[in-house]
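Novice: Sharing protein-v4.json, JSON, C-alpha atoms and all ligand atoms:
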```
[["chain", "number", "residue", "atom", "x", "y", "z"],
["A", 407, "ARG", "CA", 63.32, 89.88, 74.14],
["A", 408, "ALA", "CA", 62.15, 90.56, 77.64],
["A", 409, "LYS", "CA", 58.69, 91.04, 76.23],
["A", 410, "ASN", "CA", 58.78, 87.61, 74.60],
["A", 411, "ARG", "CA", 59.68, 85.92, 77.81],
["A", 412, "GLY", "CA", 56.87, 87.78, 79.46],
["A", 413, "LYS", "CA", 55.77, 86.40, 82.78],
["A", 414, "ASN", "CA", 58.65, 84.00, 83.25],
["A", 415, "THR", "CA", 61.24, 86.74, 83.06],
["A", 416, "PHE", "CA", 59.35, 88.76, 85.61],
["A", 417, "GLN", "CA", 59.07, 85.80, 87.95],
["A", 418, "PHE", "CA", 62.72, 85.00, 87.54],
["A", 419, "TYR", "CA", 63.81, 88.49, 88.57],
["A", 420, "THR", "CA", 61.37, 88.55, 91.46],
["A", 421, "ALA", "CA", 62.63, 85.24, 92.79],
["A", 422, "ASP", "CA", 66.20, 86.43, 92.37],
["A", 423, "MET", "CA", 65.60, 89.66, 94.24],
["A", 424, "ASN", "CA", 63.82, 87.81, 96.99],
["A", 425, "ALA", "CA", 66.71, 85.41, 97.35],
["A", 426, "SER", "CA", 69.30, 88.16, 97.75],
["A", 427, "ALA", "CA", 67.03, 90.21, 100.00],
["A", 428, "MET", "CA", 66.47, 87.11, 102.14],
["A", 429, "ALA", "CA", 70.18, 86.38, 102.34],
["A", 430, "ARG", "CA", 70.82, 89.95, 103.31],
["A", 431, "LEU", "CA", 68.10, 89.88, 105.96],
["A", 432, "LYS", "CA", 69.46, 86.63, 107.33],
["A", 433, "LEU", "CA", 72.94, 88.12, 107.55],
["A", 434, "GLU", "CA", 71.60, 91.18, 109.34],
["A", 435, "TYR", "CA", 69.69, 88.97, 111.77],
["A", 436, "SER", "CA", 72.76, 86.82, 112.44],
["A", 437, "LEU", "CA", 74.82, 89.94, 113.01],
["A", 438, "HIS", "CA", 72.39, 91.03, 115.70],
["A", 439, "ARG", "CA", 72.96, 87.80, 117.59],
["A", 440, "ALA", "CA", 76.67, 87.50, 116.92],
["A", 441, "LEU", "CA", 77.83, 89.83, 119.70],
["A", 442, "ALA", "CA", 75.62, 88.17, 122.30],
["A", 443, "ARG", "CA", 76.68, 84.72, 121.15],
["A", 444, "ASP", "CA", 80.36, 85.61, 121.26],
["A", 445, "GLU", "CA", 80.99, 84.75, 117.60],
["A", 446, "PHE", "CA", 83.48, 87.54, 116.89],
["A", 447, "GLN", "CA", 87.20, 87.39, 117.44],
["A", 448, "VAL", "CA", 89.98, 89.89, 117.03],
["A", 449, "TRP", "CA", 93.02, 88.74, 115.06],
["A", 450, "TYR", "CA", 96.30, 90.61, 114.92],
["A", 451, "GLN", "CA", 98.66, 91.33, 112.05],
["A", 452, "PRO", "CA", 102.24, 92.46, 112.73],
["A", 453, "LYS", "CA", 103.49, 95.86, 111.63],
["A", 454, "VAL", "CA", 107.25, 96.23, 111.28],
["A", 455, "ASP", "CA", 109.80, 99.00, 111.06],
["A", 456, "LEU", "CA", 111.20, 98.57, 107.54],
["A", 457, "ALA", "CA", 114.77, 99.65, 108.21],
["A", 458, "SER", "CA", 115.34, 97.39, 111.23],
["A", 459, "GLY", "CA", 112.70, 94.72, 110.61],
["A", 460, "THR", "CA", 111.55, 94.95, 114.23],
["A", 461, "LEU", "CA", 107.94, 94.56, 115.24],
["A", 462, "VAL", "CA", 106.46, 97.93, 116.20],
["A", 463, "GLY", "CA", 102.81, 97.10, 116.56],
["A", 464, "MET", "CA", 99.86, 95.34, 115.05],
["A", 465, "GLU", "CA", 96.52, 95.92, 113.37],
["A", 466, "ALA", "CA", 93.45, 94.47, 115.04],
["A", 467, "LEU", "CA", 91.15, 92.81, 112.47],
["A", 468, "ILE", "CA", 87.71, 91.42, 113.22],
["A", 469, "ARG", "CA", 86.87, 87.80, 112.42],
["A", 470, "TRP", "CA", 83.42, 86.23, 112.42],
["A", 471, "GLN", "CA", 82.84, 82.53, 112.79],
["A", 472, "HIS", "CA", 79.16, 81.93, 112.10],
["A", 473, "PRO", "CA", 77.91, 78.64, 113.67],
["A", 474, "GLU", "CA", 76.26, 77.43, 110.42],
["A", 475, "MET", "CA", 77.66, 79.59, 107.62],
["A", 476, "GLY", "CA", 81.25, 79.27, 108.82],
["A", 477, "PHE", "CA", 83.84, 81.98, 108.41],
["A", 478, "ILE", "CA", 82.48, 85.21, 106.92],
["A", 479, "PRO", "CA", 85.08, 87.73, 105.73],
["A", 480, "PRO", "CA", 84.90, 91.33, 107.06],
["A", 481, "MET", "CA", 84.40, 92.71, 103.55],
["A", 482, "GLU", "CA", 81.09, 90.81, 103.45],
["A", 483, "PHE", "CA", 79.63, 91.82, 106.79],
["A", 484, "ILE", "CA", 81.25, 95.15, 107.73],
["A", 485, "PRO", "CA", 79.32, 97.02, 104.98],
["A", 486, "VAL", "CA", 76.06, 95.40, 106.21],
["A", 487, "ALA", "CA", 76.89, 96.30, 109.80],
["A", 488, "GLU", "CA", 77.57, 99.86, 108.66],
["A", 489, "GLU", "CA", 74.23, 100.15, 106.90],
["A", 490, "CYS", "CA", 72.18, 98.85, 109.81],
["A", 491, "ALA", "CA", 74.20, 100.80, 112.42],
["A", 492, "LEU", "CA", 75.37, 97.63, 114.17],
["A", 493, "ILE", "CA", 78.91, 98.77, 113.43],
["A", 494, "VAL", "CA", 78.66, 101.07, 116.46],
["A", 495, "PRO", "CA", 78.36, 98.27, 119.10],
["A", 496, "ILE", "CA", 80.52, 95.87, 117.05],
["A", 497, "GLY", "CA", 83.22, 98.50, 116.61],
["A", 498, "ALA", "CA", 83.11, 99.32, 120.32],
["A", 499, "TRP", "CA", 83.56, 95.62, 121.09],
["A", 500, "VAL", "CA", 86.63, 95.36, 118.81],
["A", 501, "LEU", "CA", 88.10, 98.45, 120.44],
["A", 502, "GLN", "CA", 87.52, 97.12, 123.94],
["A", 503, "GLU", "CA", 88.91, 93.67, 123.12],
["A", 504, "ALA", "CA", 92.00, 94.99, 121.27],
["A", 505, "CYS", "CA", 92.81, 97.42, 124.11],
["A", 506, "ARG", "CA", 92.27, 94.77, 126.80],
["A", 507, "GLN", "CA", 94.53, 92.33, 124.95],
["A", 508, "THR", "CA", 97.24, 94.89, 124.27],
["A", 509, "ARG", "CA", 97.25, 95.98, 127.91],
["A", 510, "LEU", "CA", 97.67, 92.33, 128.92],
["A", 511, "TRP", "CA", 100.62, 91.94, 126.54],
["A", 512, "ALA", "CA", 102.14, 95.13, 127.94],
["A", 513, "GLU", "CA", 101.96, 93.63, 131.43],
["A", 514, "GLN", "CA", 102.94, 90.06, 130.56],
["A", 515, "CYS", "CA", 105.59, 90.67, 127.92],
["A", 516, "GLY", "CA", 106.59, 94.32, 128.29],
["A", 517, "PHE", "CA", 105.08, 95.14, 124.91],
["A", 518, "GLY", "CA", 105.22, 98.91, 124.40],
["A", 519, "GLY", "CA", 104.06, 99.16, 120.78],
["A", 520, "ARG", "CA", 100.74, 100.26, 119.39],
["A", 521, "VAL", "CA", 97.61, 98.43, 118.43],
["A", 522, "ALA", "CA", 95.75, 99.89, 115.46],
["A", 523, "VAL", "CA", 91.96, 99.59, 115.37],
["A", 524, "ASN", "CA", 89.79, 100.35, 112.31],
["A", 525, "LEU", "CA", 86.96, 102.85, 112.70],
["A", 526, "SER", "CA", 83.97, 103.24, 110.40],
["A", 527, "ALA", "CA", 82.58, 106.63, 109.46],
["A", 528, "ARG", "CA", 79.39, 105.86, 111.34],
["A", 529, "GLN", "CA", 81.23, 105.29, 114.61],
["A", 530, "ILE", "CA", 82.77, 108.73, 114.33],
["A", 531, "LYS", "CA", 79.64, 110.52, 113.16],
["A", 532, "PHE", "CA", 77.04, 108.95, 115.43],
["A", 533, "GLY", "CA", 78.87, 106.77, 117.91],
["A", 534, "ASN", "CA", 80.22, 109.32, 120.41],
["A", 535, "ILE", "CA", 83.66, 108.00, 119.58],
["A", 536, "VAL", "CA", 85.61, 110.31, 121.91],
["A", 537, "GLY", "CA", 83.53, 109.18, 124.90],
["A", 538, "THR", "CA", 83.74, 105.52, 123.90],
["A", 539, "VAL", "CA", 87.52, 105.60, 123.47],
["A", 540, "ALA", "CA", 88.02, 107.45, 126.76],
["A", 541, "GLN", "CA", 85.90, 104.87, 128.56],
["A", 542, "VAL", "CA", 87.67, 101.91, 126.97],
["A", 543, "LEU", "CA", 91.12, 103.29, 127.85],
["A", 544, "GLN", "CA", 89.99, 103.91, 131.39],
["A", 545, "GLN", "CA", 88.49, 100.43, 131.76],
["A", 546, "THR", "CA", 91.40, 98.56, 130.22],
["A", 547, "GLY", "CA", 94.23, 100.74, 131.56],
["A", 548, "LEU", "CA", 95.86, 100.98, 128.13],
["A", 549, "PRO", "CA", 97.81, 104.23, 127.77],
["A", 550, "PRO", "CA", 96.58, 106.37, 124.83],
["A", 551, "SER", "CA", 100.11, 106.28, 123.39],
["A", 552, "GLN", "CA", 99.57, 102.57, 122.67],
["A", 553, "LEU", "CA", 96.41, 103.10, 120.65],
["A", 554, "GLU", "CA", 96.19, 104.02, 116.99],
["A", 555, "LEU", "CA", 92.89, 104.50, 115.16],
["A", 556, "GLU", "CA", 92.59, 103.98, 111.40],
["A", 557, "ILE", "CA", 90.05, 105.83, 109.32],
["A", 558, "THR", "CA", 89.80, 105.34, 105.58],
["A", 559, "GLU", "CA", 90.74, 108.09, 103.21],
["A", 560, "SER", "CA", 87.12, 108.47, 102.08],
["A", 561, "THR", "CA", 85.88, 108.86, 105.67],
["A", 562, "ALA", "CA", 88.58, 111.41, 106.37],
["A", 563, "MET", "CA", 87.91, 113.47, 103.26],
["A", 564, "ASP", "CA", 84.16, 113.33, 103.64],
["A", 565, "SER", "CA", 84.44, 114.69, 107.13],
["A", 566, "ASP", "CA", 82.41, 117.68, 108.15],
["A", 567, "GLY", "CA", 82.96, 119.85, 111.18],
["A", 568, "GLU", "CA", 81.67, 117.14, 113.53],
["A", 569, "VAL", "CA", 84.15, 114.54, 112.30],
["A", 570, "MET", "CA", 87.02, 117.01, 112.45],
["A", 571, "LYS", "CA", 86.05, 117.85, 116.04],
["A", 572, "ALA", "CA", 86.01, 114.15, 116.97],
["A", 573, "LEU", "CA", 89.41, 113.58, 115.39],
["A", 574, "GLU", "CA", 90.83, 116.57, 117.22],
["A", 575, "GLY", "CA", 89.34, 115.25, 120.46],
["A", 576, "LEU", "CA", 91.02, 111.88, 119.95],
["A", 577, "ARG", "CA", 94.28, 113.55, 119.05],
["A", 578, "ALA", "CA", 94.11, 115.69, 122.18],
["A", 579, "MET", "CA", 93.83, 112.48, 124.23],
["A", 580, "GLY", "CA", 97.20, 111.40, 122.87],
["A", 581, "ILE", "CA", 95.90, 108.81, 120.42],
["A", 582, "THR", "CA", 97.63, 108.29, 117.08],
["A", 583, "LEU", "CA", 95.45, 108.68, 113.98],
["A", 584, "ALA", "CA", 96.10, 107.00, 110.66],
["A", 585, "ILE", "CA", 94.57, 107.37, 107.21],
["A", 586, "ASP", "CA", 93.88, 103.89, 105.84],
["A", 587, "ASP", "CA", 93.74, 102.80, 102.18],
["A", 588, "PHE", "CA", 95.37, 106.03, 101.07],
["A", 589, "GLY", "CA", 95.31, 106.58, 97.33],
["A", 590, "THR", "CA", 91.95, 104.94, 96.68],
["A", 591, "GLY", "CA", 89.77, 107.97, 97.43],
["A", 592, "TYR", "CA", 89.80, 111.56, 96.34],
["A", 593, "SER", "CA", 92.15, 113.41, 98.62],
["A", 594, "SER", "CA", 92.29, 117.10, 98.89],
["A", 595, "LEU", "CA", 95.87, 117.86, 99.84],
["A", 596, "ALA", "CA", 94.81, 121.08, 101.53],
["A", 597, "TYR", "CA", 92.43, 119.03, 103.65],
["A", 598, "LEU", "CA", 95.01, 116.35, 104.37],
["A", 599, "LYS", "CA", 97.30, 119.06, 105.72],
["A", 600, "ARG", "CA", 94.64, 120.18, 108.19],
["A", 601, "LEU", "CA", 93.70, 116.72, 109.45],
["A", 602, "PRO", "CA", 95.21, 115.85, 112.85],
["A", 603, "VAL", "CA", 96.74, 112.59, 111.58],
["A", 604, "GLN", "CA", 100.23, 111.20, 112.03],
["A", 605, "VAL", "CA", 100.21, 108.13, 109.83],
["A", 606, "LEU", "CA", 99.49, 107.47, 106.15],
["A", 607, "LYS", "CA", 98.84, 103.88, 105.04],
["A", 608, "ILE", "CA", 99.40, 103.27, 101.32],
["A", 609, "ASP", "CA", 96.68, 101.01, 99.97],
["A", 610, "ARG", "CA", 97.60, 97.45, 99.08],
["A", 611, "SER", "CA", 96.44, 97.90, 95.47],
["A", 612, "PHE", "CA", 99.50, 100.08, 94.73],
["A", 613, "ILE", "CA", 101.96, 97.71, 96.40],
["A", 614, "LYS", "CA", 100.77, 94.44, 94.85],
["A", 615, "ASP", "CA", 102.28, 94.93, 91.38],
["A", 616, "LEU", "CA", 104.84, 97.63, 91.97],
["A", 617, "ASP", "CA", 107.70, 95.59, 90.61],
["A", 618, "ARG", "CA", 105.80, 95.04, 87.31],
["A", 619, "ASP", "CA", 103.68, 98.15, 86.99],
["A", 620, "LYS", "CA", 105.55, 101.45, 86.59],
["A", 621, "ASP", "CA", 102.44, 103.49, 87.43],
["A", 622, "ASP", "CA", 101.91, 101.71, 90.74],
["A", 623, "ALA", "CA", 105.58, 102.19, 91.59],
["A", 624, "ALA", "CA", 105.28, 105.90, 90.75],
["A", 625, "ILE", "CA", 102.17, 106.29, 92.92],
["A", 626, "ALA", "CA", 103.71, 104.43, 95.86],
["A", 627, "SER", "CA", 106.84, 106.54, 95.68],
["A", 628, "ALA", "CA", 104.84, 109.78, 95.34],
["A", 629, "VAL", "CA", 102.72, 108.90, 98.40],
["A", 630, "ILE", "CA", 105.87, 108.15, 100.40],
["A", 631, "SER", "CA", 107.39, 111.55, 99.49],
["A", 632, "LEU", "CA", 104.11, 113.32, 100.17],
["A", 633, "GLY", "CA", 103.78, 111.68, 103.58],
["A", 634, "ARG", "CA", 107.39, 112.31, 104.48],
["A", 635, "SER", "CA", 107.26, 115.96, 103.52],
["A", 636, "LEU", "CA", 104.11, 116.45, 105.59],
["A", 637, "GLY", "CA", 105.95, 114.90, 108.54],
["A", 638, "LEU", "CA", 103.80, 111.78, 108.58],
["A", 639, "SER", "CA", 104.86, 108.23, 109.24],
["A", 640, "VAL", "CA", 104.24, 106.17, 106.08],
["A", 641, "VAL", "CA", 103.10, 102.56, 106.26],
["A", 642, "ALA", "CA", 102.77, 100.22, 103.27],
["A", 643, "GLU", "CA", 99.96, 97.63, 103.33],
["A", 644, "GLY", "CA", 100.02, 94.26, 101.62],
["A", 645, "VAL", "CA", 103.80, 93.82, 101.44],
["A", 646, "GLU", "CA", 104.22, 90.27, 100.19],
["A", 647, "THR", "CA", 107.66, 89.93, 98.61],
["A", 648, "PRO", "CA", 111.30, 90.87, 99.28],
["A", 649, "ALA", "CA", 111.14, 92.98, 96.07],
["A", 650, "HIS", "CA", 108.29, 95.03, 97.59],
["A", 651, "ARG", "CA", 110.32, 95.49, 100.75],
["A", 652, "ALA", "CA", 113.49, 96.52, 98.88],
["A", 653, "PHE", "CA", 111.59, 99.12, 96.83],
["A", 654, "LEU", "CA", 109.87, 100.57, 99.90],
["A", 655, "ILE", "CA", 113.10, 100.82, 101.89],
["A", 656, "GLU", "CA", 114.78, 102.55, 98.96],
["A", 657, "GLN", "CA", 111.92, 105.05, 98.75],
["A", 658, "GLY", "CA", 112.09, 105.82, 102.46],
["A", 659, "CYS", "CA", 108.85, 104.20, 103.59],
["A", 660, "HIS", "CA", 108.88, 103.87, 107.39],
["A", 661, "GLN", "CA", 106.78, 100.82, 108.20],
["A", 662, "ALA", "CA", 105.13, 97.87, 106.54],
["A", 663, "GLN", "CA", 102.45, 95.30, 107.04],
["A", 664, "GLY", "CA", 101.81, 92.24, 104.90],
["A", 665, "TYR", "CA", 102.14, 88.51, 104.42],
["A", 666, "LEU", "CA", 105.94, 88.84, 104.07],
["A", 667, "PHE", "CA", 106.09, 89.69, 107.78],
["A", 668, "GLY", "CA", 103.01, 87.85, 108.99],
["A", 669, "LYS", "CA", 99.35, 87.16, 108.32],
["A", 670, "PRO", "CA", 96.59, 88.17, 110.71],
["A", 671, "GLN", "CA", 96.52, 85.57, 113.49],
["A", 672, "THR", "CA", 94.69, 84.73, 116.68],
["A", 673, "ALA", "CA", 95.72, 86.39, 119.93],
["A", 674, "ALA", "CA", 97.11, 83.05, 121.15],
["A", 675, "ASP", "CA", 99.41, 82.79, 118.10],
["A", 676, "PHE", "CA", 100.34, 86.46, 118.04],
["A", 677, "ARG", "CA", 101.53, 86.21, 121.61],
["A", 678, "TYR", "CA", 104.52, 84.14, 120.46],
["A", 679, "LEU", "CA", 105.76, 87.12, 118.46],
["A", 680, "LEU", "CA", 105.65, 89.33, 121.53],
["A", 681, "CYS", "CA", 106.58, 87.25, 124.56],
["B", 1, "LIG", "P1", 92.18, 97.16, 106.08],
["B", 1, "LIG", "O1", 91.94, 97.95, 107.31],
["B", 1, "LIG", "O2", 92.84, 97.86, 104.95],
["B", 1, "LIG", "O3", 93.02, 95.90, 106.56],
["B", 1, "LIG", "C1", 94.01, 95.26, 105.80],
["B", 1, "LIG", "C2", 93.45, 94.06, 105.09],
["B", 1, "LIG", "O4", 94.45, 93.56, 104.21],
["B", 1, "LIG", "C3", 93.12, 92.88, 106.02],
["B", 1, "LIG", "O5", 92.01, 92.17, 105.44],
["B", 1, "LIG", "C4", 94.38, 92.02, 105.94],
["B", 1, "LIG", "O6", 94.16, 90.67, 106.25],
["B", 1, "LIG", "C5", 94.73, 92.20, 104.48],
["B", 1, "LIG", "N1", 96.16, 91.99, 104.24],
["B", 1, "LIG", "C6", 97.20, 92.34, 105.00],
["B", 1, "LIG", "N2", 98.37, 92.03, 104.44],
["B", 1, "LIG", "C7", 98.08, 91.44, 103.27],
["B", 1, "LIG", "C8", 98.90, 90.89, 102.21],
["B", 1, "LIG", "O7", 100.11, 90.88, 102.25],
["B", 1, "LIG", "N3", 98.21, 90.39, 101.13],
["B", 1, "LIG", "C9", 96.85, 90.38, 101.04],
["B", 1, "LIG", "N4", 96.30, 89.86, 99.96],
["B", 1, "LIG", "N5", 96.07, 90.90, 102.02],
["B", 1, "LIG", "C10", 96.67, 91.43, 103.12],
["B", 1, "LIG", "P2", 90.76, 91.73, 106.31],
["B", 1, "LIG", "O8", 91.16, 91.34, 107.69],
["B", 1, "LIG", "O9", 89.97, 90.77, 105.47],
["B", 1, "LIG", "O10", 89.93, 93.08, 106.45],
["B", 1, "LIG", "C11", 89.41, 93.73, 105.33],
["B", 1, "LIG", "C12", 88.89, 95.09, 105.70],
["B", 1, "LIG", "O11", 87.76, 94.97, 106.56],
["B", 1, "LIG", "C13", 89.88, 95.97, 106.43],
["B", 1, "LIG", "O12", 90.80, 96.55, 105.51],
["B", 1, "LIG", "C14", 88.95, 96.97, 107.05],
["B", 1, "LIG", "O13", 88.56, 97.94, 106.13],
["B", 1, "LIG", "C15", 87.75, 96.09, 107.39],
["B", 1, "LIG", "N6", 87.83, 95.70, 108.80],
["B", 1, "LIG", "C16", 88.45, 94.65, 109.37],
["B", 1, "LIG", "N7", 88.27, 94.64, 110.71],
["B", 1, "LIG", "C17", 87.52, 95.73, 111.00],
["B", 1, "LIG", "C18", 87.01, 96.30, 112.21],
["B", 1, "LIG", "O14", 87.22, 95.83, 113.34],
["B", 1, "LIG", "N8", 86.24, 97.45, 112.09],
["B", 1, "LIG", "C19", 86.01, 98.03, 110.87],
["B", 1, "LIG", "N9", 85.28, 99.14, 110.83],
["B", 1, "LIG", "N10", 86.51, 97.53, 109.73],
["B", 1, "LIG", "C20", 87.25, 96.39, 109.79],
["B", 2, "MG", "MG", 93.06, 99.11, 108.46],
["B", 3, "MG", "MG", 94.12, 99.34, 105.00],
["B", 4, "MG", "MG", 93.42, 98.37, 102.33]]
```
As structure tokens - that is how I would like this structure written.
Ligand code: C2E
Ligand code: MG
Ligand code: MG
Ligand code: MG
Specialist:
Amino acid sequence: RAKNRGKNTFQFYTADMNASAMARLKLEYSLHRALARDEFQVWYQPKVDLASGTLVGMEALIRWQHPEMGFIPPMEFIPVAEECALIVPIGAWVLQEACRQTRLWAEQCGFGGRVAVNLSARQIKFGNIVGTVAQVLQQTGLPPSQLELEITESTAMDSDGEVMKALEGLRAMGITLAIDDFGTGYSSLAYLKRLPVQVLKIDRSFIKDLDRDKDDAAIASAVISLGRSLGLSVVAEGVETPAHRAFLIEQGCHQAQGYLFGKPQTAADFRYLLC
């Protein structure tokens, strides 16, 4: 069939590839200017203690408002930023901004909880992350006990000696380390035991349907027991309903994050939860 269409088919694919390559190039170009043009924001999503329902901290999540294209979700531009290495300066900006803001809330409202910032593999491997974090804490005055860094399960498991050294360096500074999206990658339990992490975040995909899907419920409950027996604090992501909450409390999950407790929101809005 392709042969019958001959030239036209070829042209069609070429045009198609060019269009997506162009879009991609345009995105990369816009990303380069975005930091300088101040187009990024950090939004904050509350994290609560499940037993008491009290706010214990928040996750910092990047938001990009492009002047022409409008709001672009992180899942669309973070992978591009990772590929072209822009994630290193962008990630450093998020870290700086989240620490500055949290320090301000500590001063203004007596907030003593932790802010969790996401790190990409590239920031750890090539970004001198220990030096960057030390500098940001020094500049902002945020105590290391108020900073948590999230690395995905795949980054953690893929880690070579260099990554392990960086994580140990961060841990030695008194920073809390969390494994994000746990359950979606291939975890070696022997490796998990050796990682200097204190927090395990169960991926949202297992929480979403846990009241309907027995397998998801079994996985969530197994991850909670695993985390608890390794002495880790277990956080559930994407908690949206009272049924999710009830199940997680029953299973002994420590903390939760999700629309049931609050969506990610601007610093100005989040302040009302703290002060
Ligand atoms: P993540 O770190 O797993 O963050 C949680 C994501 O789940 C956030 O999406 C949050 O808005 C969403 N979420 C939280 N609760 C609920 C819920 O109850 N229901 C539903 N449907 N969603 C919920 P967001 O902000 O779009 O971020 C997506 C991902 O992009 C993050 O997943 C993280 O991997 C990445 N990301 C975001 N900000 C940064 C950043 O500053 N640096 C890096 N490296 N990655 C980031
Ligand atoms: Mg995260
Ligand atoms: Mg997550
Ligand atoms: Mg997730």
Novice: Please determine, counting only C-alpha atoms, which residue among A:Gln671, A:Glu434, A:Ser593, A:Gln661 has the shortest atom-to-atom distance to Arg469 in chain A.
Specialist: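 Between A:Gln671, A:Glu434, A:Ser593, A:Gln661, the residue approaching Arg469 in chain A most closely is A:Gln671.
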Novice: Can you work out which one of A:Ala487, A:Ala425, A:Cys505, A:Ile613 has the shortest atom-to-atom distance to ligand MG 4 (chain B), counting only C-alpha atoms and all ligand atoms?
Specialist: A:Ile613
Novice: Identify which of the residues A:Trp499, A:Phe483, A:Phe612, A:Trp449 lies closest to ligand MG 4 (chain B), counting all atoms listed in the file when measuring atom-to-atom distances.
Specialist: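 The closest residue to ligand MG 4 (chain B) is A:Phe612.
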Novice: Let me see if you get this right: every residue at most 7 Å from ligand MG 3 (chain B), counting only C-alpha atoms and all ligand atoms, written as a PyMOL selection string.
Specialist: chain A and resi 586-587+607+609+643
Novice: All residues within 9 Å of ligand LIG 1 (chain B) are required, counting all atoms listed in the file; please report them as a PyMOL selection string.
Specialist: chain A and resi 448-451+465-469+479-485+487-488+493-494+496-501+523-529+556-558+586-587+607+609-610+614+643-647+663-670
